[in-house]
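Structure file input02.pdb with PDB, C-alpha atoms (C1' of nucleotides):
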```pdb
ATOM      1  CA  MET A   1     336.121   5.398 155.447
ATOM      2  CA  LEU A   2     339.094   4.356 153.329
ATOM      3  CA  ALA A   3     338.085   6.630 150.491
ATOM      4  CA  ASN A   4     338.895   9.624 152.669
ATOM      5  CA  SER A   5     342.416   8.729 153.631
ATOM      6  CA  SER A   6     343.363   7.714 150.098
ATOM      7  CA  ALA A   7     341.932  10.947 148.751
ATOM      8  CA  ALA A   8     343.944  12.722 151.407
ATOM      9  CA  LYS A   9     347.155  11.039 150.324
ATOM     10  CA  GLN A  10     346.693  12.369 146.802
ATOM     11  CA  LEU A  11     346.365  15.853 148.186
ATOM     12  CA  THR A  12     349.951  17.025 147.858
ATOM     13  CA  LYS A  13     349.683  16.589 144.086
ATOM     14  CA  LYS A  14     347.123  19.371 144.028
ATOM     15  CA  ALA A  15     349.477  22.015 145.377
ATOM     16  CA  PRO A  16     349.813  23.660 141.930
ATOM     17  CA  VAL A  17     346.036  24.112 141.751
ATOM     18  CA  PHE A  18     345.936  25.914 145.094
ATOM     19  CA  ALA A  19     348.990  27.913 144.130
ATOM     20  CA  ALA A  20     347.111  29.026 141.014
ATOM     21  CA  LEU A  21     344.222  30.049 143.235
ATOM     22  CA  GLY A  22     346.505  31.924 145.585
ATOM     23  CA  ASP A  23     346.595  35.211 143.711
ATOM     24  CA  GLU A  24     344.084  38.061 143.837
ATOM     25  CA  THR A  25     344.204  38.773 140.136
ATOM     26  CA  ARG A  26     343.609  35.158 139.202
ATOM     27  CA  LEU A  27     340.760  34.775 141.675
ATOM     28  CA  SER A  28     339.216  37.883 140.196
ATOM     29  CA  LEU A  29     339.590  36.436 136.708
ATOM     30  CA  LEU A  30     337.857  33.247 137.817
ATOM     31  CA  LEU A  31     335.037  35.349 139.231
ATOM     32  CA  GLN A  32     334.584  37.153 135.943
ATOM     33  CA  LEU A  33     334.664  33.875 134.036
ATOM     34  CA  GLY A  34     332.136  32.502 136.502
ATOM     35  CA  GLU A  35     329.576  34.866 135.014
ATOM     36  CA  GLY A  36     329.130  32.280 132.333
ATOM     37  CA  SER A  37     330.211  33.945 129.118
ATOM     38  CA  LEU A  38     333.372  33.543 127.084
ATOM     39  CA  TYR A  39     335.959  36.293 127.303
ATOM     40  CA  SER A  40     338.945  37.131 125.131
ATOM     41  CA  ILE A  41     342.300  38.056 126.631
ATOM     42  CA  THR A  42     341.826  41.714 125.745
ATOM     43  CA  GLN A  43     338.364  41.738 127.288
ATOM     44  CA  LEU A  44     339.674  40.175 130.480
ATOM     45  CA  ALA A  45     342.464  42.726 130.644
ATOM     46  CA  GLU A  46     340.114  45.705 130.250
ATOM     47  CA  GLY A  47     339.536  47.643 133.447
ATOM     48  CA  ARG A  48     342.387  45.928 135.257
ATOM     49  CA  PRO A  49     345.522  47.672 136.492
ATOM     50  CA  GLN A  50     347.871  45.221 134.748
ATOM     51  CA  THR A  51     349.002  44.874 131.180
ATOM     52  CA  ARG A  52     347.357  42.524 128.709
ATOM     53  CA  GLN A  53     350.545  40.462 128.744
ATOM     54  CA  ALA A  54     350.424  40.127 132.513
ATOM     55  CA  ILE A  55     346.811  38.970 132.348
ATOM     56  CA  ARG A  56     347.773  36.509 129.651
ATOM     57  CA  LYS A  57     350.372  34.972 131.942
ATOM     58  CA  HIS A  58     347.771  34.585 134.679
ATOM     59  CA  LEU A  59     345.379  32.907 132.258
ATOM     60  CA  GLN A  60     348.143  30.541 131.197
ATOM     61  CA  ILE A  61     348.703  29.538 134.807
ATOM     62  CA  LEU A  62     344.992  28.920 135.294
ATOM     63  CA  GLU A  63     344.891  26.897 132.094
ATOM     64  CA  ASP A  64     347.912  24.812 133.115
ATOM     65  CA  VAL A  65     346.005  23.485 136.118
ATOM     66  CA  ALA A  66     342.760  23.133 134.133
ATOM     67  CA  LEU A  67     340.828  25.712 136.120
ATOM     68  CA  VAL A  68     340.110  27.368 132.797
ATOM     69  CA  ARG A  69     339.836  26.285 129.179
ATOM     70  CA  ALA A  70     340.730  28.207 126.027
ATOM     71  CA  VAL A  71     339.235  27.944 122.565
ATOM     72  CA  ARG A  72     340.213  29.915 119.476
ATOM     73  CA  ARG A  73     337.720  31.887 117.437
ATOM     74  CA  GLY A  74     339.399  33.571 114.532
ATOM     75  CA  ARG A  75     342.083  35.885 115.782
ATOM     76  CA  GLU A  76     340.897  35.828 119.353
ATOM     77  CA  HIS A  77     341.442  33.456 122.212
ATOM     78  CA  LEU A  78     338.302  32.813 124.249
ATOM     79  CA  PHE A  79     338.447  31.569 127.817
ATOM     80  CA  GLN A  80     335.829  29.805 129.876
ATOM     81  CA  LEU A  81     335.621  28.439 133.388
ATOM     82  CA  GLN A  82     336.143  24.740 134.060
ATOM     83  CA  PRO A  83     334.030  24.221 137.179
ATOM     84  CA  GLU A  84     334.907  20.542 137.603
ATOM     85  CA  SER A  85     338.421  21.510 138.641
ATOM     86  CA  LEU A  86     337.065  23.939 141.205
ATOM     87  CA  GLU A  87     334.829  21.230 142.629
ATOM     88  CA  ALA A  88     337.753  18.848 142.797
ATOM     89  CA  ALA A  89     339.833  21.372 144.696
ATOM     90  CA  ALA A  90     336.984  22.054 147.122
ATOM     91  CA  GLN A  91     336.591  18.333 147.772
ATOM     92  CA  SER A  92     340.280  17.964 148.530
ATOM     93  CA  LEU A  93     339.918  20.480 151.323
ATOM     94  CA  GLU A  94     336.803  18.772 152.605
ATOM     95  CA  ALA A  95     338.804  15.548 152.718
ATOM     96  CA  ILE A  96     341.168  16.934 155.341
ATOM     97  CA  SER A  97     338.269  18.222 157.414
ATOM     98  CA  LEU A  98     336.623  14.818 157.258
ATOM     99  CA  GLN A  99     339.843  13.128 158.279
ATOM    100  CA  TRP A 100     339.936  15.454 161.270
ATOM    101  CA  GLU A 101     336.324  14.765 162.209
ATOM    102  CA  ASP A 102     336.949  11.024 161.980
ATOM    103  CA  ALA A 103     339.999  11.310 164.196
ATOM    104  CA  LEU A 104     338.061  13.220 166.837
ATOM    105  CA  GLN A 105     335.263  10.685 166.676
ATOM    106  CA  ARG A 106     337.665   7.796 167.202
ATOM    107  CA  LEU A 107     339.250   9.621 170.117
ATOM    108  CA  LYS A 108     335.873  10.255 171.691
ATOM    109  CA  THR A 109     334.860   6.615 171.329
ATOM    110  CA  PHE A 110     338.155   5.502 172.840
ATOM    111  CA  VAL A 111     337.739   7.738 175.866
ATOM    112  CA  GLU A 112     334.191   6.568 176.481
ATOM    113  CA  GLU A 113     335.174   2.894 176.667
TER     114      GLU A 113
ATOM    115  CA  MET B 114     320.671  33.783 144.829
ATOM    116  CA  LEU B 115     322.166  36.995 146.210
ATOM    117  CA  ALA B 116     324.082  35.176 148.907
ATOM    118  CA  ASN B 117     326.217  33.537 146.233
ATOM    119  CA  SER B 118     327.334  36.608 144.407
ATOM    120  CA  SER B 119     328.142  38.499 147.601
ATOM    121  CA  ALA B 120     330.150  35.562 148.846
ATOM    122  CA  ALA B 121     331.873  35.545 145.484
ATOM    123  CA  LYS B 122     332.821  39.211 145.756
ATOM    124  CA  GLN B 123     334.639  38.522 149.011
ATOM    125  CA  LEU B 124     336.657  35.851 147.315
ATOM    126  CA  THR B 125     339.726  37.840 146.369
ATOM    127  CA  LYS B 126     340.399  38.468 150.045
ATOM    128  CA  LYS B 127     341.043  34.768 150.469
ATOM    129  CA  ALA B 128     343.970  34.669 148.103
ATOM    130  CA  PRO B 129     346.458  34.355 150.998
ATOM    131  CA  VAL B 130     344.663  31.256 152.244
ATOM    132  CA  PHE B 131     344.931  29.538 148.877
ATOM    133  CA  ALA B 132     348.510  30.709 148.544
ATOM    134  CA  ALA B 133     349.228  29.030 151.879
ATOM    135  CA  LEU B 134     347.633  25.863 150.535
ATOM    136  CA  GLY B 135     349.670  26.044 147.348
ATOM    137  CA  ASP B 136     352.753  24.277 148.614
ATOM    138  CA  GLU B 137     353.412  20.545 148.866
ATOM    139  CA  THR B 138     355.146  20.731 152.213
ATOM    140  CA  ARG B 139     352.362  22.751 153.799
ATOM    141  CA  LEU B 140     349.646  20.472 152.401
ATOM    142  CA  SER B 141     351.563  17.550 153.825
ATOM    143  CA  LEU B 142     351.752  19.282 157.211
ATOM    144  CA  LEU B 143     348.002  19.846 157.151
ATOM    145  CA  LEU B 144     347.508  16.178 156.387
ATOM    146  CA  GLN B 145     349.611  15.166 159.361
ATOM    147  CA  LEU B 146     347.780  17.610 161.607
ATOM    148  CA  GLY B 147     344.527  16.204 160.252
ATOM    149  CA  GLU B 148     345.281  12.999 162.119
ATOM    150  CA  GLY B 149     343.906  14.744 165.142
ATOM    151  CA  SER B 150     346.751  14.953 167.588
ATOM    152  CA  LEU B 151     348.891  17.880 168.579
ATOM    153  CA  TYR B 152     352.416  18.054 167.191
ATOM    154  CA  SER B 153     355.435  20.088 168.198
ATOM    155  CA  ILE B 154     357.635  21.797 165.641
ATOM    156  CA  THR B 155     360.374  19.237 166.099
ATOM    157  CA  GLN B 156     357.903  16.387 165.705
ATOM    158  CA  LEU B 157     356.520  17.897 162.527
ATOM    159  CA  ALA B 158     360.018  18.343 161.144
ATOM    160  CA  GLU B 159     361.017  14.725 161.820
ATOM    161  CA  GLY B 160     361.176  12.552 158.725
ATOM    162  CA  ARG B 161     360.997  15.517 156.394
ATOM    163  CA  PRO B 162     363.759  16.579 154.029
ATOM    164  CA  GLN B 163     363.809  20.187 155.268
ATOM    165  CA  THR B 164     365.281  21.812 158.329
ATOM    166  CA  ARG B 165     363.299  22.448 161.479
ATOM    167  CA  GLN B 166     363.566  26.178 160.764
ATOM    168  CA  ALA B 167     362.099  25.725 157.302
ATOM    169  CA  ILE B 168     359.184  23.745 158.727
ATOM    170  CA  ARG B 169     358.691  26.448 161.320
ATOM    171  CA  LYS B 170     358.341  29.053 158.584
ATOM    172  CA  HIS B 171     355.725  26.928 156.859
ATOM    173  CA  LEU B 172     353.809  26.571 160.106
ATOM    174  CA  GLN B 173     353.949  30.323 160.584
ATOM    175  CA  ILE B 174     352.415  30.845 157.148
ATOM    176  CA  LEU B 175     349.660  28.359 157.931
ATOM    177  CA  GLU B 176     349.037  30.069 161.257
ATOM    178  CA  ASP B 177     348.908  33.525 159.668
ATOM    179  CA  VAL B 178     345.885  32.476 157.621
ATOM    180  CA  ALA B 179     344.357  30.569 160.541
ATOM    181  CA  LEU B 180     344.577  27.164 158.898
ATOM    182  CA  VAL B 181     346.418  26.070 162.011
ATOM    183  CA  ARG B 182     346.544  27.113 165.630
ATOM    184  CA  ALA B 183     349.457  27.033 168.060
ATOM    185  CA  VAL B 184     349.437  26.588 171.835
ATOM    186  CA  ARG B 185     352.416  26.506 174.165
ATOM    187  CA  ARG B 186     353.044  23.651 176.559
ATOM    188  CA  GLY B 187     356.172  24.247 178.556
ATOM    189  CA  ARG B 188     359.132  24.569 176.261
ATOM    190  CA  GLU B 189     357.314  23.260 173.242
ATOM    191  CA  HIS B 190     354.994  24.793 170.714
ATOM    192  CA  LEU B 191     352.066  22.504 169.837
ATOM    193  CA  PHE B 192     350.131  22.888 166.609
ATOM    194  CA  GLN B 193     346.667  21.730 165.735
ATOM    195  CA  LEU B 194     344.435  21.909 162.691
ATOM    196  CA  GLN B 195     341.748  24.578 162.427
ATOM    197  CA  PRO B 196     339.162  22.823 160.232
ATOM    198  CA  GLU B 197     336.774  25.800 160.082
ATOM    199  CA  SER B 198     339.238  27.651 157.879
ATOM    200  CA  LEU B 199     339.484  24.694 155.548
ATOM    201  CA  GLU B 200     335.723  24.531 155.286
ATOM    202  CA  ALA B 201     335.554  28.242 154.568
ATOM    203  CA  ALA B 202     338.095  27.909 151.782
ATOM    204  CA  ALA B 203     336.211  24.973 150.282
ATOM    205  CA  GLN B 204     332.984  26.965 150.342
ATOM    206  CA  SER B 205     334.602  29.873 148.543
ATOM    207  CA  LEU B 206     335.434  27.578 145.671
ATOM    208  CA  GLU B 207     331.949  26.134 145.668
ATOM    209  CA  ALA B 208     330.631  29.684 145.426
ATOM    210  CA  ILE B 209     332.242  30.196 142.026
ATOM    211  CA  SER B 210     330.908  26.892 140.778
ATOM    212  CA  LEU B 211     327.428  27.853 141.932
ATOM    213  CA  GLN B 212     327.710  31.228 140.245
ATOM    214  CA  TRP B 213     328.592  29.374 137.052
ATOM    215  CA  GLU B 214     325.692  26.958 137.380
ATOM    216  CA  ASP B 215     323.304  29.849 137.956
ATOM    217  CA  ALA B 216     324.588  31.656 134.902
ATOM    218  CA  LEU B 217     324.095  28.591 132.746
ATOM    219  CA  GLN B 218     320.630  28.092 134.143
ATOM    220  CA  ARG B 219     319.657  31.678 133.316
ATOM    221  CA  LEU B 220     321.058  31.279 129.827
ATOM    222  CA  LYS B 221     319.097  28.077 129.306
ATOM    223  CA  THR B 222     315.862  29.679 130.501
ATOM    224  CA  PHE B 223     316.463  32.653 128.234
ATOM    225  CA  VAL B 224     316.978  30.447 125.164
ATOM    226  CA  GLU B 225     313.872  28.403 125.890
ATOM    227  CA  GLU B 226     311.606  31.451 125.942
TER     228      GLU B 226
ATOM    229  C1'  DA C 227     373.622  24.004 188.815
ATOM    230  C1'  DT C 228     374.056  22.190 184.393
ATOM    231  C1'  DA C 229     373.527  19.341 180.429
ATOM    232  C1'  DA C 230     370.063  18.452 177.111
ATOM    233  C1'  DC C 231     366.191  19.764 174.490
ATOM    234  C1'  DA C 232     362.708  22.845 171.920
ATOM    235  C1'  DT C 233     362.623  27.134 169.924
ATOM    236  C1'  DG C 234     363.474  31.906 168.339
ATOM    237  C1'  DC C 235     365.901  35.117 165.545
ATOM    238  C1'  DA C 236     368.815  37.051 161.865
ATOM    239  C1'  DA C 237     371.647  37.084 157.845
ATOM    240  C1'  DC C 238     372.163  35.288 153.631
ATOM    241  C1'  DC C 239     371.318  32.641 148.970
ATOM    242  C1'  DC C 240     369.086  31.352 144.844
ATOM    243  C1'  DA C 241     365.132  30.441 142.061
ATOM    244  C1'  DA C 242     360.582  31.585 140.932
ATOM    245  C1'  DA C 243     356.700  34.984 140.496
ATOM    246  C1'  DG C 244     354.563  39.015 138.906
ATOM    247  C1'  DG C 245     355.158  42.716 136.140
ATOM    248  C1'  DT C 246     356.836  45.704 132.286
ATOM    249  C1'  DT C 247     358.385  47.214 127.506
ATOM    250  C1'  DG C 248     359.134  46.412 122.684
ATOM    251  C1'  DC C 249     358.299  44.223 118.563
ATOM    252  C1'  DA C 250     356.781  40.598 115.370
ATOM    253  C1'  DC C 251     352.804  38.169 113.451
ATOM    254  C1'  DA C 252     348.137  36.528 112.140
ATOM    255  C1'  DA C 253     343.262  37.592 111.146
ATOM    256  C1'  DT C 254     339.689  41.094 109.781
ATOM    257  C1'  DG C 255     337.147  44.763 107.804
ATOM    258  C1'  DG C 256     336.667  48.285 104.746
TER     259       DG C 256
ATOM    260  C1'  DC D 257     345.611  46.191  99.710
ATOM    261  C1'  DC D 258     346.234  48.272 104.164
ATOM    262  C1'  DA D 259     345.165  49.953 108.595
ATOM    263  C1'  DT D 260     343.458  47.864 112.652
ATOM    264  C1'  DT D 261     342.830  44.596 116.148
ATOM    265  C1'  DG D 262     344.041  40.496 119.069
ATOM    266  C1'  DT D 263     347.922  37.832 120.227
ATOM    267  C1'  DG D 264     352.480  35.691 120.835
ATOM    268  C1'  DC D 265     357.183  35.944 122.233
ATOM    269  C1'  DA D 266     361.432  37.445 124.466
ATOM    270  C1'  DA D 267     364.317  40.177 127.397
ATOM    271  C1'  DC D 268     364.539  42.302 131.456
ATOM    272  C1'  DC D 269     363.636  43.966 136.343
ATOM    273  C1'  DT D 270     362.282  43.651 141.215
ATOM    274  C1'  DT D 271     360.085  41.330 144.954
ATOM    275  C1'  DT D 272     358.781  37.288 147.206
ATOM    276  C1'  DG D 273     359.463  32.435 148.652
ATOM    277  C1'  DG D 274     361.654  28.427 150.214
ATOM    278  C1'  DG D 275     365.714  27.040 152.176
ATOM    279  C1'  DT D 276     370.077  27.094 154.829
ATOM    280  C1'  DT D 277     373.573  28.050 158.611
ATOM    281  C1'  DG D 278     374.849  29.923 163.011
ATOM    282  C1'  DC D 279     373.961  31.344 167.404
ATOM    283  C1'  DA D 280     371.160  33.132 171.340
ATOM    284  C1'  DT D 281     367.375  32.082 174.622
ATOM    285  C1'  DG D 282     364.044  29.669 177.465
ATOM    286  C1'  DT D 283     362.789  25.078 179.871
ATOM    287  C1'  DT D 284     363.279  20.816 181.757
ATOM    288  C1'  DA D 285     365.102  16.904 184.063
ATOM    289  C1'  DT D 286     368.778  15.071 186.991
TER     290       DT D 286
END
```
Would you encode the structure as structure tokens?
Amino acid sequence: MLANSSAAKQLTKKAPVFAALGDETRLSLLLQLGEGSLYSITQLAEGRPQTRQAIRKHLQILEDVALVRAVRRGREHLFQLQPESLEAAAQSLEAISLQWEDALQRLKTFVEE
Amino acid sequence: MLANSSAAKQLTKKAPVFAALGDETRLSLLLQLGEGSLYSITQLAEGRPQTRQAIRKHLQILEDVALVRAVRRGREHLFQLQPESLEAAAQSLEAISLQWEDALQRLKTFVEE
DNA sequence: ATAACATGCAACCCAAAGGTTGCACAATGG
DNA sequence: CCATTGTGCAACCTTTGGGTTGCATGTTAT
């Protein structure tokens, strides 16, 4: 299918998203945000080994690639998950797998002829 | 579903996999390997702006997280894609999305009562 | 044997990442 | 009004990452 290979060609543009996912702290933050509620920076920093400022940097990185969204309520900054971006990332990976499956299928057909 | 949350708790262990995916060159290598054939280091380095040694390092990183597998044939080192690892990574991301959907569903049910 | 080819290994460089401390600033709640 | 709470911002430090060059080592083909 053409849709696969074109999706695959766009893949390299998503490197920053995977890079954002490639950190334990940030994955853990996404997990907490996946619980559904909104969390402030201070709340997200509670119980973690790092400083509030460090957590803030991580949240900024997640926000930059739209894995997370921030809204202001008074003096606090509330964060929530943006699941569409996660889905998009997952589909990018599936695209490579599909490309691989297709290639194997073509090879198999070729050999059988 | 319990299976989701337990899968989610294992997520932080996969940070190295996403970190490996978080680089344009490595994503591009995966794409090439997704074509189905086996490629040597030299072949994979051809046409790319970086040195063969740089490409080799990237391949090592991909191999360390099992996104790629290497077999020796004579003097050359042939690499091939390991699609199971890609699938696993994709499913990890889906797990967070599902956790989110579940949370929203519970919230909705709670409000309706 | 020996020239050519595919790799491995190590030292080194520079920029980016993750983290900290310190302090200023805005919003809230008596 | 003032102490408190939630953030923002900047400087700084150390480790990791991506990349290079240079040279040694194994493998073919002729």
Hey, can you check how far atom CA of B:Glu176 sits from atom C1' of C:DC235?
18.1 Å
Using the chain letters and residue numbers of this document, give as an MDAnalysis selection string the residues selected by the PyMOL selection byres ((chain A) within 9 of (chain B)).
chainID A and resid 8:9 11:28 30:31 33:37 81:84 86:87 89:94 96:104 107
Contact residues (chain A, partner chain D, 10 Å, all atoms listed in the file) as number ranges by chain:
A: 40-42, 52-53, 56, 74-77
Nearby residues (only C-alpha atoms (C1' of nucleotides)) at most 6 Å from B:Tyr152, same-chain spacing under 4 positions excluded, as a list in words
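That gives Gln156, Leu191 and Phe192 of chain B.
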Enumerate, as a PyMOL selection string, the residues matched when the PyMOL selection byres ((chain C) within 9 of (chain A)) is run on the file above.
chain C and resi 244-246+252-254
Point-to-point distance in Å for atom CA of A:Leu38 and atom CA of B:Thr222:
18.3 Å
Find the distance between atom CA of B:Arg161 and atom CA of B:Asp177 and write it in Å to one decimal.
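Between atom CA of B:Arg161 and atom CA of B:Asp177 the gap works out to 21.9 Å.
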Assuming 4 Å of padding per side, give the centre and edge lengths of the axis-aligned box around every listed atom of stretch 44-56 of chain A, in Å to one decimal and as lines of an AutoDock Vina configuration file.
```
center_x = 345.0
center_y = 42.1
center_z = 132.6
size_x = 19.0
size_y = 19.2
size_z = 15.8
```
Could you add N, CA and C atoms to stretch 141-157 of chain B and give me the result as a PDB file, in the coordinates of the input?
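Generated file (result.pdb):
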```
ATOM      1  N   SER B 141     351.168  18.750 153.104  1.00  0.00           N
ATOM      2  CA  SER B 141     351.563  17.550 153.825  1.00  0.00           C
ATOM      3  C   SER B 141     351.486  17.757 155.338  1.00  0.00           C
ATOM      4  N   LEU B 142     351.864  18.956 155.779  1.00  0.00           N
ATOM      5  CA  LEU B 142     351.752  19.282 157.211  1.00  0.00           C
ATOM      6  C   LEU B 142     350.290  19.266 157.644  1.00  0.00           C
ATOM      7  N   LEU B 143     349.426  19.835 156.819  1.00  0.00           N
ATOM      8  CA  LEU B 143     348.002  19.846 157.151  1.00  0.00           C
ATOM      9  C   LEU B 143     347.466  18.423 157.252  1.00  0.00           C
ATOM     10  N   LEU B 144     347.931  17.570 156.343  1.00  0.00           N
ATOM     11  CA  LEU B 144     347.508  16.178 156.387  1.00  0.00           C
ATOM     12  C   LEU B 144     347.889  15.534 157.706  1.00  0.00           C
ATOM     13  N   GLN B 145     349.147  15.747 158.103  1.00  0.00           N
ATOM     14  CA  GLN B 145     349.611  15.166 159.361  1.00  0.00           C
ATOM     15  C   GLN B 145     348.804  15.703 160.540  1.00  0.00           C
ATOM     16  N   LEU B 146     348.558  17.006 160.525  1.00  0.00           N
ATOM     17  CA  LEU B 146     347.780  17.610 161.607  1.00  0.00           C
ATOM     18  C   LEU B 146     346.329  17.118 161.571  1.00  0.00           C
ATOM     19  N   GLY B 147     345.892  16.710 160.381  1.00  0.00           N
ATOM     20  CA  GLY B 147     344.527  16.204 160.252  1.00  0.00           C
ATOM     21  C   GLY B 147     344.306  14.887 160.976  1.00  0.00           C
ATOM     22  N   GLU B 148     345.395  14.263 161.383  1.00  0.00           N
ATOM     23  CA  GLU B 148     345.281  12.999 162.119  1.00  0.00           C
ATOM     24  C   GLU B 148     344.670  13.209 163.494  1.00  0.00           C
ATOM     25  N   GLY B 149     344.634  14.441 163.930  1.00  0.00           N
ATOM     26  CA  GLY B 149     343.906  14.744 165.142  1.00  0.00           C
ATOM     27  C   GLY B 149     344.731  15.117 166.340  1.00  0.00           C
ATOM     28  N   SER B 150     345.963  14.652 166.393  1.00  0.00           N
ATOM     29  CA  SER B 150     346.751  14.953 167.588  1.00  0.00           C
ATOM     30  C   SER B 150     347.451  16.301 167.470  1.00  0.00           C
ATOM     31  N   LEU B 151     348.097  16.666 168.553  1.00  0.00           N
ATOM     32  CA  LEU B 151     348.891  17.880 168.579  1.00  0.00           C
ATOM     33  C   LEU B 151     350.344  17.510 168.298  1.00  0.00           C
ATOM     34  N   TYR B 152     351.035  18.348 167.524  1.00  0.00           N
ATOM     35  CA  TYR B 152     352.416  18.054 167.191  1.00  0.00           C
ATOM     36  C   TYR B 152     353.292  19.272 167.477  1.00  0.00           C
ATOM     37  N   SER B 153     354.465  19.005 168.000  1.00  0.00           N
ATOM     38  CA  SER B 153     355.435  20.088 168.198  1.00  0.00           C
ATOM     39  C   SER B 153     356.177  20.337 166.890  1.00  0.00           C
ATOM     40  N   ILE B 154     356.884  21.455 166.850  1.00  0.00           N
ATOM     41  CA  ILE B 154     357.635  21.797 165.641  1.00  0.00           C
ATOM     42  C   ILE B 154     358.646  20.702 165.308  1.00  0.00           C
ATOM     43  N   THR B 155     359.371  20.283 166.312  1.00  0.00           N
ATOM     44  CA  THR B 155     360.374  19.237 166.099  1.00  0.00           C
ATOM     45  C   THR B 155     359.731  17.962 165.569  1.00  0.00           C
ATOM     46  N   GLN B 156     358.600  17.584 166.173  1.00  0.00           N
ATOM     47  CA  GLN B 156     357.903  16.387 165.705  1.00  0.00           C
ATOM     48  C   GLN B 156     357.493  16.517 164.241  1.00  0.00           C
ATOM     49  N   LEU B 157     356.968  17.698 163.900  1.00  0.00           N
ATOM     50  CA  LEU B 157     356.520  17.897 162.527  1.00  0.00           C
ATOM     51  C   LEU B 157     357.685  17.919 161.541  1.00  0.00           C
TER      52      LEU B 157
END
```
